[in-house]
Every structure is written in C-alpha cells, then in structure tokens.
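S.K.: Next up is a structure, given as structure tokens.
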Amino acid sequence: MNYPVWELAMGGGALIAVVSILHVFVSHFAVGGGLWLVVTERVARRRPDAQLVGLVRAHRRFFLLLTLVFGAITGVGIWFTIALVSPSAVSALIHAYLWGWAIEWTFFVIEIAAAMVYWYGWDRLDHRVHLVVGWIYFGAAWASLAVINGIVTFMLTPGQWLENRSFWAGFFNPTYFPSLAARTALALGQAGLFALITATALPRPTARAWCARWNAAWVLAALLLGSAAGIWYRGAFPGWSDAVLGAIPILPLVARWLVVGVAAMSLLALWPLLLPARWNRLGAALLAAAGLLVFAAGEWTREAGRKPFTIHGYLYSTGLRVEQEERLAADGVAAHTKWLDPRAGSADDPAALGGELYRNHCACCHTRDGYNGLRPWLAHWEDATVRNLLPRLQHLRGLMPAWHGTPAETEALAAHLRTMRPAAAAAPAAPAAAAREAWRVSCGLCHTADGYRPLRQSLSGLSRDELSALLDTLHELTDAMPPYLAQPSQRQRLLDQLVALAAAAPVAPAGPAPGGGAR
C-alpha cells in the first residue's frame, strides 16, 4: 500500500494472469520436455530408427526456442508485472525467500547451460555423453520447479511460518508435496502434448503412428497421475472447496472449465493412441487448446484460494500486512498511506481524497469496467448502499480485505465511487430475469440460494409481507448485514425472487427466527 500506483485500464491482475498462464504452460514443458528428449532419444537409438532420431533432433530445436526464448521472456514479464502491480508482495517474497530464489536461479543457469550443450553437442558428443547432458538438463529443470513450487505453495498455505518465520517451515508447507506431484505430472503431460504437435510433421506413416502412440501414452499417464495428485492436494487444504469455490461467484464456472479441459484432453489423447495413423494437426491444435484450458483454470482456481491475501494470513491483496490492521483501525487509512496527493482531502472536494484512496486501496484488484469492474455494480446501488457496504467488505462473497477508513474517509471513498457510477441500469424485460438480477446485486453479494451461505431453507414458508418486513430489519440480525436500501421498483423485483425461493424451499424445522444465521 505504500508504493507508487501503476494504473492499468485492463486491471493489473488480468495482465499478470495472461502473462503467468502462458509462462506456466510453457515452463512445465521445459521440465517434462527435457525428460521426453532424453528418454525418446535413448529409445530411438536403441531401436535403431533414423527417422525417430531425426524427430528428436528436430524437436530439440523447437524445444530450445520455445522454452529458452519464450519461456525466459514471459518469466521476466511476470517479475516486471508483479513488481509494478503488487510491489509489496515482491518485497515480502524477496525478504522471506531470497535464498530460495538464489537457489532456483542457480538451477536455471545449469538448465540453460545444459540445454545449449545438448543442442550444440548433438553431432559433436558421444551418444552416451550426450544423454548424460540431457539428464543433467532434466535434473536441473525439475529442481528449479521443486524450488519454485515451495515458494508458490507458501503463498497459499504458509503453515508454521506465520508463527516462527522459519524458511523451511514455509517452504515445506502443507501443500508442498501434493502440489509438486501434480506439477511433475503436468510437466510430463506437457511433453507428450507438444511432441504430438511435432509428430504430425513426420513424413513416414509407420514412424508417425509409433510416435503418436508414444506421446499419447505420456499425456494419458500424466492425466492419471495428475488427477491422483489433485485429490491429494485438495485433502491437504481442508475447507478450500467451501471457502473458495462457493465464495467467489466466477469460480464454480472456472472449476467446470477445469473438468471439461481434463475430459477433453483425455478423449483427444485416446485418438492418437487408438487411431495413430489418423492423427493430424487439427487434433494437435485441439489438444493444445484443451491443455491451455486446464492450465488456465487450474492456476486461476489455485490463485483464488489465497483471497483476500497475497500471502495467506500475512499480506492482503491491497499490500496491507495483517499486523498493521490495528493501527489502521485506530488512525485511519490515509494516515498510513504515503502515496497520496497532498492536494487531496479538501473538505470542499471529498471525492478528490476518495480518488486517492481508491487508487491506493481498490485499484490493485478492481477496474472501472473490465475484470472485477465496479461500474456494473454501482449502476444498481444507491449512495447509502455504497456507504453501508464499505465497512463490511470482509463479509462479501468476493473475499475482500476489510476497509479500515475513518467515517470521513469512508464518505470520501463513497463520493469518488459516486463519480464513477454510470446511468442507472435498466431492468431486464422478462420479470423472472429482472427478479434474479435484483437478487444478484443485493442478496447475491453475500449469499447463494443453496450453496455458500444458503438462504433458501431459512426463507421457507415466509409470505411476501413477512419477507418485506425481513428486508427492513436485516441490519438488526447481525452487524455484518447492511440495511437494505433500494428503489421501490428494485425492492419489488427482489421480493419476487425471494417469494420464489421461499415457495420452492422445504418447510424449515422449528428453531431460530428466519434469517437469524445470515451474514
């Protein structure tokens, strides 16, 4: 929170996601592809098969260019973008894991050197020596993955590091080994996936058929191992499914993409295994697209598991450390934010201070109209709704950090958000769609009908008048619930949806008053 702000229309998080997913997709190939090269070269020389040896020779060029050039560029791109978007996270990781990064860079240097020797030594080295160089490359690449995995999983499950700040306690954290198993499996699958692309260029049908089967086996084996590792990973992170998939509205859809991607990869990999002679570039392109979908959905879901933190339990996505919350709650946000325009904060223009607070505490995650855009929500909210939501951000489904602004700072931020508000959004023409939209922008901020913080059961048997009375007393149920303040027309549409939910729910057993457990 105390660094200069890099403003980006598309959102810094979206840019990091694009660069990171492409890098991770290729970097896993850099690991598994090294093993594929040395194992396939050994098999090809033992057969012996000159065309297969030629395939490995040609594939090494593709491998070198993709991993060392594209992989290196996107790797630097990740550092560049995260340093600008979240400098506090980079600072925390460097301070906690400086030696971890140094060890990883050492392995990376060995990896690059071995790759270059493997490339240039194809016709210059004895075959056995050449294979040894290949094994050195793979060992260094996998060791680099093992080190990076420790730092990445530390951000999600730091474990005992939060208490003792021990390097090894954070490194070998609860999700380290299942994540390493999953990433190793994915790396092997990437090797087969990319080799299936190059296999389509083989001119001889028999060689193309053998290579298609060989690489399909790599992909299918990786999917089996990766699925088992995924189950292990989920078990190492108890409560993850309910806390994350249910809380963030987009994630159930992303999780379905992950399942669809794995299923598509499995089916497409059966094609070259069972019908290798008919394997072609269309199949290779579809398989590559399915693989990219799996990586994108998997990384998105894993990253979301940290919300609202960058380092779970230590550093919020806003750059605020957990230990700083008490000071902010006592002094206000502006007092602890260095990069504020000194001209902002005039009593005559509270929106100017609000704009500065937005840039420093909201823009790290939100955009105006893009990913996590605020204007589509602001179009539905009254000024009083915004003012009441700001002190309760930590209770929303989106898993946001708490807002610690003073009442004056809250008013200033609300004033700035008011300047961002577009024209009032028209309700959908269909009554049922309009009712669902009213639910989404009001109750859906914190609840679902049947999943995360479900409401259907607690609404069971309530009449429209009882539901209307409940809307007027929401803030009395718990401090986490804001008062319901909306235009009469939107209120009626919301009541339509609540009545439909109450009618579809089974009768609730006797117990606490309806809605008493809502948050």
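The chains in the structure tokens are called A, B, ... from first to last as shown; in each chain the residues are counted from 1, and the ligands are counted from 1 in the order shown.
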Considering only C-alpha atoms, give me a table of residues in range 210-327 of chain A that are at most 10 Å from range 402-421 of chain A, with the closest atom pair and distance in Å for each, as a Markdown table.
M.R.:
```
| residue | atom | partner | partner_atom | distance |
| --- | --- | --- | --- | --- |
| A:Pro308 | CA | A:Ala402 | CA | 9.2 |
| A:Tyr316 | CA | A:Ala402 | CA | 9.4 |
| A:Thr318 | CA | A:Ala402 | CA | 9.9 |
| A:Glu325 | CA | A:His404 | CA | 7.5 |
| A:Glu326 | CA | A:His404 | CA | 8.9 |
| A:Arg327 | CA | A:His404 | CA | 9.3 |
```
S.K.: Write out as JSON, numbers by chain the set of residues from range 298-374 of chain A that DSSP, computed on the backbone, places in alpha helix (DSSP H).
M.R.: {"A": [298, 299, 300, 301, 302, 303, 304, 325, 326, 327, 328, 329, 330, 331, 350, 351, 352, 353, 354, 355, 356, 357, 358, 359, 360, 361]}
S.K.: Can I get the selection written as an mmCIF file, in the first residue's frame, with N, CA, C and O atoms?
M.R.:
```cif
data_model
loop_
_atom_site.group_PDB
_atom_site.id
_atom_site.type_symbol
_atom_site.label_atom_id
_atom_site.label_comp_id
_atom_site.auth_asym_id
_atom_site.auth_seq_id
_atom_site.Cartn_x
_atom_site.Cartn_y
_atom_site.Cartn_z
ATOM 1 N N GLY A 298 -6.843 -24.243 -13.783
ATOM 2 C CA GLY A 298 -6.176 -24.702 -12.576
ATOM 3 C C GLY A 298 -5.436 -23.603 -11.847
ATOM 4 O O GLY A 298 -5.532 -23.460 -10.619
ATOM 5 N N GLU A 299 -4.679 -22.783 -12.600
ATOM 6 C CA GLU A 299 -3.936 -21.687 -11.980
ATOM 7 C C GLU A 299 -4.883 -20.633 -11.422
ATOM 8 O O GLU A 299 -4.643 -20.061 -10.356
ATOM 9 N N TRP A 300 -5.962 -20.344 -12.143
ATOM 10 C CA TRP A 300 -6.952 -19.372 -11.678
ATOM 11 C C TRP A 300 -7.559 -19.834 -10.352
ATOM 12 O O TRP A 300 -7.656 -19.062 -9.388
ATOM 13 N N THR A 301 -7.951 -21.096 -10.294
ATOM 14 C CA THR A 301 -8.555 -21.629 -9.080
ATOM 15 C C THR A 301 -7.568 -21.622 -7.918
ATOM 16 O O THR A 301 -7.911 -21.249 -6.790
ATOM 17 N N ARG A 302 -6.324 -22.024 -8.194
ATOM 18 C CA ARG A 302 -5.318 -22.039 -7.127
ATOM 19 C C ARG A 302 -5.035 -20.630 -6.620
ATOM 20 O O ARG A 302 -4.955 -20.385 -5.413
ATOM 21 N N GLU A 303 -4.879 -19.680 -7.530
ATOM 22 C CA GLU A 303 -4.609 -18.304 -7.126
ATOM 23 C C GLU A 303 -5.755 -17.747 -6.288
ATOM 24 O O GLU A 303 -5.533 -17.017 -5.319
ATOM 25 N N ALA A 304 -6.990 -18.082 -6.673
ATOM 26 C CA ALA A 304 -8.146 -17.577 -5.934
ATOM 27 C C ALA A 304 -8.187 -18.121 -4.518
ATOM 28 O O ALA A 304 -8.818 -17.525 -3.630
ATOM 29 N N GLU A 325 -3.279 -3.964 10.748
ATOM 30 C CA GLU A 325 -4.710 -3.660 10.768
ATOM 31 C C GLU A 325 -5.111 -2.833 11.992
ATOM 32 O O GLU A 325 -5.930 -1.910 11.884
ATOM 33 N N GLU A 326 -4.572 -3.152 13.158
ATOM 34 C CA GLU A 326 -4.960 -2.428 14.366
ATOM 35 C C GLU A 326 -4.608 -0.950 14.254
ATOM 36 O O GLU A 326 -5.384 -0.083 14.661
ATOM 37 N N ARG A 327 -3.425 -0.651 13.692
ATOM 38 C CA ARG A 327 -3.023 0.747 13.552
ATOM 39 C C ARG A 327 -3.934 1.488 12.588
ATOM 40 O O ARG A 327 -4.313 2.636 12.820
ATOM 41 N N LEU A 328 -4.295 0.823 11.476
ATOM 42 C CA LEU A 328 -5.188 1.471 10.531
ATOM 43 C C LEU A 328 -6.568 1.677 11.130
ATOM 44 O O LEU A 328 -7.205 2.715 10.903
ATOM 45 N N ALA A 329 -7.036 0.706 11.885
ATOM 46 C CA ALA A 329 -8.347 0.841 12.507
ATOM 47 C C ALA A 329 -8.366 2.012 13.494
ATOM 48 O O ALA A 329 -9.395 2.670 13.675
ATOM 49 N N ALA A 330 -7.226 2.278 14.127
ATOM 50 C CA ALA A 330 -7.152 3.369 15.104
ATOM 51 C C ALA A 330 -6.934 4.729 14.443
ATOM 52 O O ALA A 330 -7.527 5.735 14.861
ATOM 53 N N ASP A 331 -6.087 4.770 13.413
ATOM 54 C CA ASP A 331 -5.668 6.056 12.834
ATOM 55 C C ASP A 331 -6.348 6.390 11.522
ATOM 56 O O ASP A 331 -6.270 7.533 11.059
ATOM 57 N N PRO A 350 -14.401 16.165 -1.187
ATOM 58 C CA PRO A 350 -14.041 14.861 -0.612
ATOM 59 C C PRO A 350 -13.773 13.806 -1.670
ATOM 60 O O PRO A 350 -13.033 12.849 -1.418
ATOM 61 N N ALA A 351 -14.363 13.955 -2.853
ATOM 62 C CA ALA A 351 -14.145 12.961 -3.902
ATOM 63 C C ALA A 351 -12.684 12.904 -4.325
ATOM 64 O O ALA A 351 -12.207 11.866 -4.797
ATOM 65 N N ALA A 352 -11.943 14.026 -4.177
ATOM 66 C CA ALA A 352 -10.518 14.013 -4.533
ATOM 67 C C ALA A 352 -9.742 13.077 -3.612
ATOM 68 O O ALA A 352 -8.912 12.281 -4.056
ATOM 69 N N LEU A 353 -10.005 13.173 -2.303
ATOM 70 C CA LEU A 353 -9.375 12.227 -1.367
ATOM 71 C C LEU A 353 -9.857 10.816 -1.658
ATOM 72 O O LEU A 353 -9.070 9.864 -1.637
ATOM 73 N N GLY A 354 -11.142 10.671 -1.951
ATOM 74 C CA GLY A 354 -11.675 9.353 -2.274
ATOM 75 C C GLY A 354 -10.995 8.743 -3.484
ATOM 76 O O GLY A 354 -10.740 7.534 -3.519
ATOM 77 N N GLY A 355 -10.675 9.573 -4.475
ATOM 78 C CA GLY A 355 -9.968 9.071 -5.654
ATOM 79 C C GLY A 355 -8.586 8.560 -5.316
ATOM 80 O O GLY A 355 -8.142 7.536 -5.845
ATOM 81 N N GLU A 356 -7.894 9.261 -4.418
ATOM 82 C CA GLU A 356 -6.577 8.814 -3.987
ATOM 83 C C GLU A 356 -6.674 7.508 -3.199
ATOM 84 O O GLU A 356 -5.856 6.599 -3.376
ATOM 85 N N LEU A 357 -7.675 7.421 -2.329
ATOM 86 C CA LEU A 357 -7.861 6.188 -1.559
ATOM 87 C C LEU A 357 -8.219 5.022 -2.480
ATOM 88 O O LEU A 357 -7.751 3.897 -2.281
ATOM 89 N N TYR A 358 -9.022 5.295 -3.496
ATOM 90 C CA TYR A 358 -9.385 4.248 -4.462
ATOM 91 C C TYR A 358 -8.141 3.743 -5.194
ATOM 92 O O TYR A 358 -7.953 2.532 -5.358
ATOM 93 N N ARG A 359 -7.296 4.658 -5.651
ATOM 94 C CA ARG A 359 -6.091 4.274 -6.387
ATOM 95 C C ARG A 359 -5.180 3.403 -5.528
ATOM 96 O O ARG A 359 -4.576 2.445 -6.022
ATOM 97 N N ASN A 360 -5.079 3.716 -4.252
ATOM 98 C CA ASN A 360 -4.139 3.011 -3.392
ATOM 99 C C ASN A 360 -4.707 1.745 -2.762
ATOM 100 O O ASN A 360 -3.934 0.865 -2.367
ATOM 101 N N HIS A 361 -6.025 1.635 -2.663
ATOM 102 C CA HIS A 361 -6.592 0.514 -1.910
ATOM 103 C C HIS A 361 -7.624 -0.303 -2.671
ATOM 104 O O HIS A 361 -8.013 -1.366 -2.193
#
```
S.K.: With a cut-off of 9 Å, could you pull out the residues of range 181-209 of chain A touching range 45-68 of chain A and give me the nearest pair of atoms for each, distance in Å to one decimal, using only C-alpha atoms, ordered by chain and ascending number, as a Markdown table?
M.R.:
```
| residue | atom | partner | partner_atom | distance |
| --- | --- | --- | --- | --- |
| A:Phe194 | CA | A:Phe63 | CA | 8.9 |
| A:Ala195 | CA | A:His59 | CA | 7.6 |
| A:Thr198 | CA | A:His59 | CA | 7.0 |
| A:Ala199 | CA | A:Leu55 | CA | 7.7 |
| A:Leu202 | CA | A:Leu55 | CA | 7.5 |
| A:Arg204 | CA | A:Gln51 | CA | 8.2 |
| A:Ala207 | CA | A:Leu52 | CA | 6.8 |
| A:Arg208 | CA | A:Leu52 | CA | 8.9 |
```
S.K.: So that I have them on file, write out the residues from the current selection with all heavy atoms, as a CSV table (one decimal), in the first residue's frame.
M.R.:
```csv
chain,number,residue,atom,x,y,z
A,194,PHE,N,3.2,-31.5,-26.5
A,194,PHE,CA,3.9,-30.7,-27.5
A,194,PHE,C,4.5,-31.7,-28.5
A,194,PHE,O,4.6,-31.3,-29.7
A,194,PHE,CB,5.0,-29.9,-26.9
A,194,PHE,CG,4.5,-28.6,-26.3
A,194,PHE,CD1,4.1,-28.4,-25.0
A,194,PHE,CD2,4.3,-27.5,-27.2
A,194,PHE,CE1,3.6,-27.2,-24.5
A,194,PHE,CE2,3.8,-26.3,-26.7
A,194,PHE,CZ,3.5,-26.1,-25.4
A,195,ALA,N,4.9,-32.9,-28.1
A,195,ALA,CA,5.5,-33.8,-29.1
A,195,ALA,C,4.5,-34.3,-30.0
A,195,ALA,O,4.8,-34.7,-31.2
A,195,ALA,CB,6.2,-35.0,-28.3
A,198,THR,N,4.5,-31.9,-32.9
A,198,THR,CA,5.6,-32.1,-33.9
A,198,THR,C,5.5,-33.4,-34.6
A,198,THR,O,6.0,-33.6,-35.7
A,198,THR,CB,7.0,-32.0,-33.2
A,198,THR,OG1,7.0,-33.0,-32.1
A,198,THR,CG2,7.2,-30.6,-32.6
A,199,ALA,N,4.8,-34.4,-34.0
A,199,ALA,CA,4.7,-35.7,-34.6
A,199,ALA,C,3.9,-35.7,-35.9
A,199,ALA,O,4.1,-36.5,-36.8
A,199,ALA,CB,4.1,-36.7,-33.7
A,202,LEU,N,5.9,-35.7,-39.2
A,202,LEU,CA,6.7,-36.9,-39.7
A,202,LEU,C,6.2,-37.4,-41.1
A,202,LEU,O,5.0,-37.6,-41.2
A,202,LEU,CB,6.6,-38.0,-38.7
A,202,LEU,CG,7.5,-37.9,-37.4
A,202,LEU,CD1,7.2,-39.0,-36.5
A,202,LEU,CD2,9.0,-37.9,-37.8
A,204,ARG,N,6.9,-40.3,-42.7
A,204,ARG,CA,6.7,-41.8,-42.8
A,204,ARG,C,5.6,-42.2,-41.9
A,204,ARG,O,5.6,-42.0,-40.7
A,204,ARG,CB,8.0,-42.5,-42.5
A,204,ARG,CG,8.0,-44.0,-43.0
A,204,ARG,CD,9.3,-44.6,-42.7
A,204,ARG,NE,9.4,-45.1,-41.3
A,204,ARG,CZ,10.5,-45.4,-40.6
A,204,ARG,NH1,11.6,-45.3,-41.3
A,204,ARG,NH2,10.4,-45.8,-39.4
A,207,ALA,N,6.5,-44.4,-38.7
A,207,ALA,CA,7.1,-43.6,-37.7
A,207,ALA,C,6.1,-42.6,-37.0
A,207,ALA,O,6.1,-42.5,-35.8
A,207,ALA,CB,8.3,-42.8,-38.2
A,208,ARG,N,5.2,-42.0,-37.8
A,208,ARG,CA,4.2,-41.1,-37.2
A,208,ARG,C,3.3,-41.9,-36.3
A,208,ARG,O,2.9,-41.4,-35.2
A,208,ARG,CB,3.5,-40.4,-38.4
A,208,ARG,CG,2.5,-39.4,-37.9
A,208,ARG,CD,2.0,-38.5,-39.0
A,208,ARG,NE,1.3,-39.2,-40.0
A,208,ARG,CZ,1.7,-39.4,-41.2
A,208,ARG,NH1,2.9,-38.9,-41.6
A,208,ARG,NH2,1.0,-40.0,-42.1
```
S.K.: Give me, please, the distance in Å between CA of Ala255 in chain A and CA of Leu224 in chain A, quoted to one decimal.
M.R.: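 Taking CA of Ala255 in chain A and CA of Leu224 in chain A, their separation equals 18.0 Å.
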S.K.: Which residues, written as a list in words, have at least one atom at most 8 Å from Ala9 in chain A, with only C-alpha atoms counted and residues fewer than 5 positions away on the same chain left out?
M.R.: Thr367, Arg368 and Gly370 of chain A
S.K.: Hey, can you spit out that residue selection with N, CA and C atoms as a PDB file, in the first residue's frame?
M.R.:
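Okay, this is what ended up in out32.pdb:
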```pdb
ATOM      1  N   THR A 367     -11.205  -2.748 -11.554  1.00  0.00           N
ATOM      2  CA  THR A 367     -11.163  -1.811 -12.667  1.00  0.00           C
ATOM      3  C   THR A 367     -12.511  -1.090 -12.719  1.00  0.00           C
ATOM      4  N   ARG A 368     -12.619  -0.165 -13.664  1.00  0.00           N
ATOM      5  CA  ARG A 368     -13.898   0.529 -13.818  1.00  0.00           C
ATOM      6  C   ARG A 368     -14.920  -0.378 -14.524  1.00  0.00           C
ATOM      7  N   GLY A 370     -13.648  -3.363 -16.609  1.00  0.00           N
ATOM      8  CA  GLY A 370     -13.053  -4.611 -17.048  1.00  0.00           C
ATOM      9  C   GLY A 370     -13.207  -5.712 -16.020  1.00  0.00           C
TER      10      GLY A 370
END
```
S.K.: Name the residues in contact with range 126-137 of chain A at a cut-off of 8 Å, using only C-alpha atoms, excluding same-chain residues fewer than 2 positions from it; report them as a PyMOL selection string.
M.R.: chain A and resi 34-35+37-38+41-42+110-112+114-115+117-118+121-122+124+139-141
S.K.: Go through A:Ala363, A:Ala288, A:Leu162, A:Leu145 one by one, measure the shortest atom-to-atom distance of each to Met10 in chain A using only C-alpha atoms, and give the residue with the smallest value.
M.R.: A:Ala363
S.K.: I'd like the contact shell of Leu474 in chain A - 7 Å cut-off, only C-alpha atoms, skipping same-chain residues fewer than 6 positions apart - returned as an MDAnalysis selection string.
M.R.: chainID A and resid 481:484
S.K.: Those selected residues, please, written with all heavy atoms and delivered as a PDB file, in the first residue's frame.
M.R.:
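Done, and the output landed in result.pdb:
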```pdb
ATOM      1  N   MET A 481     -24.600  -7.517   8.335  1.00  0.00           N
ATOM      2  CA  MET A 481     -25.626  -7.247   7.330  1.00  0.00           C
ATOM      3  C   MET A 481     -25.889  -5.752   7.257  1.00  0.00           C
ATOM      4  O   MET A 481     -26.197  -5.122   8.273  1.00  0.00           O
ATOM      5  CB  MET A 481     -26.916  -7.976   7.698  1.00  0.00           C
ATOM      6  CG  MET A 481     -26.835  -9.475   7.609  1.00  0.00           C
ATOM      7  SD  MET A 481     -27.075 -10.091   5.939  1.00  0.00           S
ATOM      8  CE  MET A 481     -28.822  -9.865   5.759  1.00  0.00           C
ATOM      9  N   PRO A 482     -25.790  -5.141   6.074  1.00  0.00           N
ATOM     10  CA  PRO A 482     -26.134  -3.721   5.943  1.00  0.00           C
ATOM     11  C   PRO A 482     -27.644  -3.542   5.844  1.00  0.00           C
ATOM     12  O   PRO A 482     -28.364  -4.486   5.517  1.00  0.00           O
ATOM     13  CB  PRO A 482     -25.451  -3.337   4.630  1.00  0.00           C
ATOM     14  CG  PRO A 482     -25.483  -4.594   3.824  1.00  0.00           C
ATOM     15  CD  PRO A 482     -25.314  -5.719   4.811  1.00  0.00           C
ATOM     16  N   PRO A 483     -28.144  -2.354   6.126  1.00  0.00           N
ATOM     17  CA  PRO A 483     -29.563  -2.102   5.885  1.00  0.00           C
ATOM     18  C   PRO A 483     -29.877  -2.257   4.397  1.00  0.00           C
ATOM     19  O   PRO A 483     -29.030  -1.974   3.547  1.00  0.00           O
ATOM     20  CB  PRO A 483     -29.753  -0.646   6.338  1.00  0.00           C
ATOM     21  CG  PRO A 483     -28.542  -0.305   7.123  1.00  0.00           C
ATOM     22  CD  PRO A 483     -27.443  -1.182   6.647  1.00  0.00           C
ATOM     23  N   TYR A 484     -31.077  -2.718   4.093  1.00  0.00           N
ATOM     24  CA  TYR A 484     -31.470  -2.835   2.691  1.00  0.00           C
ATOM     25  C   TYR A 484     -32.085  -1.521   2.245  1.00  0.00           C
ATOM     26  O   TYR A 484     -33.120  -1.085   2.752  1.00  0.00           O
ATOM     27  CB  TYR A 484     -32.463  -3.972   2.489  1.00  0.00           C
ATOM     28  CG  TYR A 484     -32.889  -4.091   1.035  1.00  0.00           C
ATOM     29  CD1 TYR A 484     -31.997  -4.570   0.087  1.00  0.00           C
ATOM     30  CD2 TYR A 484     -34.151  -3.686   0.630  1.00  0.00           C
ATOM     31  CE1 TYR A 484     -32.358  -4.658  -1.254  1.00  0.00           C
ATOM     32  CE2 TYR A 484     -34.527  -3.776  -0.694  1.00  0.00           C
ATOM     33  CZ  TYR A 484     -33.624  -4.255  -1.640  1.00  0.00           C
ATOM     34  OH  TYR A 484     -33.972  -4.326  -2.952  1.00  0.00           O
TER      35      TYR A 484
END
```
S.K.: Using only C-alpha atoms, which protein or nucleic acid residues come within 10 Å of Pro87 in chain A? Drop anything in the same chain fewer than 4 positions from it, and give the result as a PyMOL selection string.
M.R.: chain A and resi 1-5+79-83+91-93+319
S.K.: Please determine, counting only C-alpha atoms, which residue among A:Cys364, A:Leu156, A:Val85, A:Leu223 has the shortest atom-to-atom distance to Tyr314 in chain A.
M.R.: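 Using only C-alpha atoms, the shortest distance to Tyr314 in chain A belongs to A:Leu156.
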S.K.: For the atom pair CA of Tyr97 in chain A and CA of His366 in chain A, what is the interatomic distance in Å to one decimal place?
M.R.: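 The value is 28.4 Å.
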S.K.: In Å, rounded to a single decimal, give me how far CA of Leu196 in chain A is from CA of Ala284 in chain A.
M.R.: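 We find that CA of Ala284 in chain A and CA of Leu196 in chain A lie 6.3 Å from each other.
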S.K.: Would you mind telling me which residue in A:Ala424, A:Ile148, A:Ala429, A:Val219 lies nearest to Leu267 in chain A when using only C-alpha atoms?
M.R.: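 Once distances to Leu267 in chain A are computed over only C-alpha atoms, the minimum belongs to A:Val219.
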S.K.: May I have the residues within 10 Å of Val76 in chain A as a list in words, using only C-alpha atoms and disregarding those fewer than 5 positions away in the same chain?
M.R.: Val19, His23, Gly71 and Thr81 of chain A
S.K.: I need the chosen residues saved as a PDB file, in the first residue's frame, with N, CA, C and O atoms.
M.R.:
```pdb
ATOM      1  N   VAL A  19       0.052 -13.210 -18.586  1.00  0.00           N
ATOM      2  CA  VAL A  19       1.484 -13.488 -18.702  1.00  0.00           C
ATOM      3  C   VAL A  19       1.844 -14.763 -17.940  1.00  0.00           C
ATOM      4  O   VAL A  19       2.586 -15.622 -18.436  1.00  0.00           O
ATOM      5  N   HIS A  23       3.310 -18.389 -19.340  1.00  0.00           N
ATOM      6  CA  HIS A  23       4.634 -18.808 -18.863  1.00  0.00           C
ATOM      7  C   HIS A  23       4.575 -20.181 -18.204  1.00  0.00           C
ATOM      8  O   HIS A  23       5.423 -21.049 -18.477  1.00  0.00           O
ATOM      9  N   GLY A  71       9.945 -18.833 -22.943  1.00  0.00           N
ATOM     10  CA  GLY A  71       9.859 -19.039 -21.505  1.00  0.00           C
ATOM     11  C   GLY A  71      10.611 -17.986 -20.720  1.00  0.00           C
ATOM     12  O   GLY A  71      10.125 -17.482 -19.709  1.00  0.00           O
ATOM     13  N   THR A  81       5.667  -7.396 -14.251  1.00  0.00           N
ATOM     14  CA  THR A  81       4.280  -7.011 -13.988  1.00  0.00           C
ATOM     15  C   THR A  81       3.939  -7.086 -12.505  1.00  0.00           C
ATOM     16  O   THR A  81       3.279  -6.184 -11.973  1.00  0.00           O
TER      17      THR A  81
END
```
S.K.: Point out the residue among A:Met116, A:Ala201, A:Gly461, A:Gly192 with the least atom-to-atom distance to His28 in chain A, counting only C-alpha atoms.
M.R.: A:Gly192
S.K.: Compile a residue-level contact table for range 161-196 of chain A against range 231-234 of chain A at a cut-off of 12 Å, reporting for every qualifying residue the shortest atom pair and its distance in Å to one decimal, with only C-alpha atoms counted, rows ordered by chain and ascending number, as a tab-separated table.
M.R.:
```
residue	atom	partner	partner_atom	distance
A:Asn173	CA	A:Tyr233	CA	11.8
A:Pro174	CA	A:Tyr233	CA	9.0
A:Thr175	CA	A:Tyr233	CA	6.2
A:Tyr176	CA	A:Tyr233	CA	8.7
A:Phe177	CA	A:Tyr233	CA	8.2
A:Pro178	CA	A:Tyr233	CA	4.8
A:Ser179	CA	A:Tyr233	CA	6.2
A:Leu180	CA	A:Tyr233	CA	9.4
A:Ala181	CA	A:Tyr233	CA	8.9
A:Ala182	CA	A:Tyr233	CA	8.0
A:Arg183	CA	A:Tyr233	CA	10.9
```
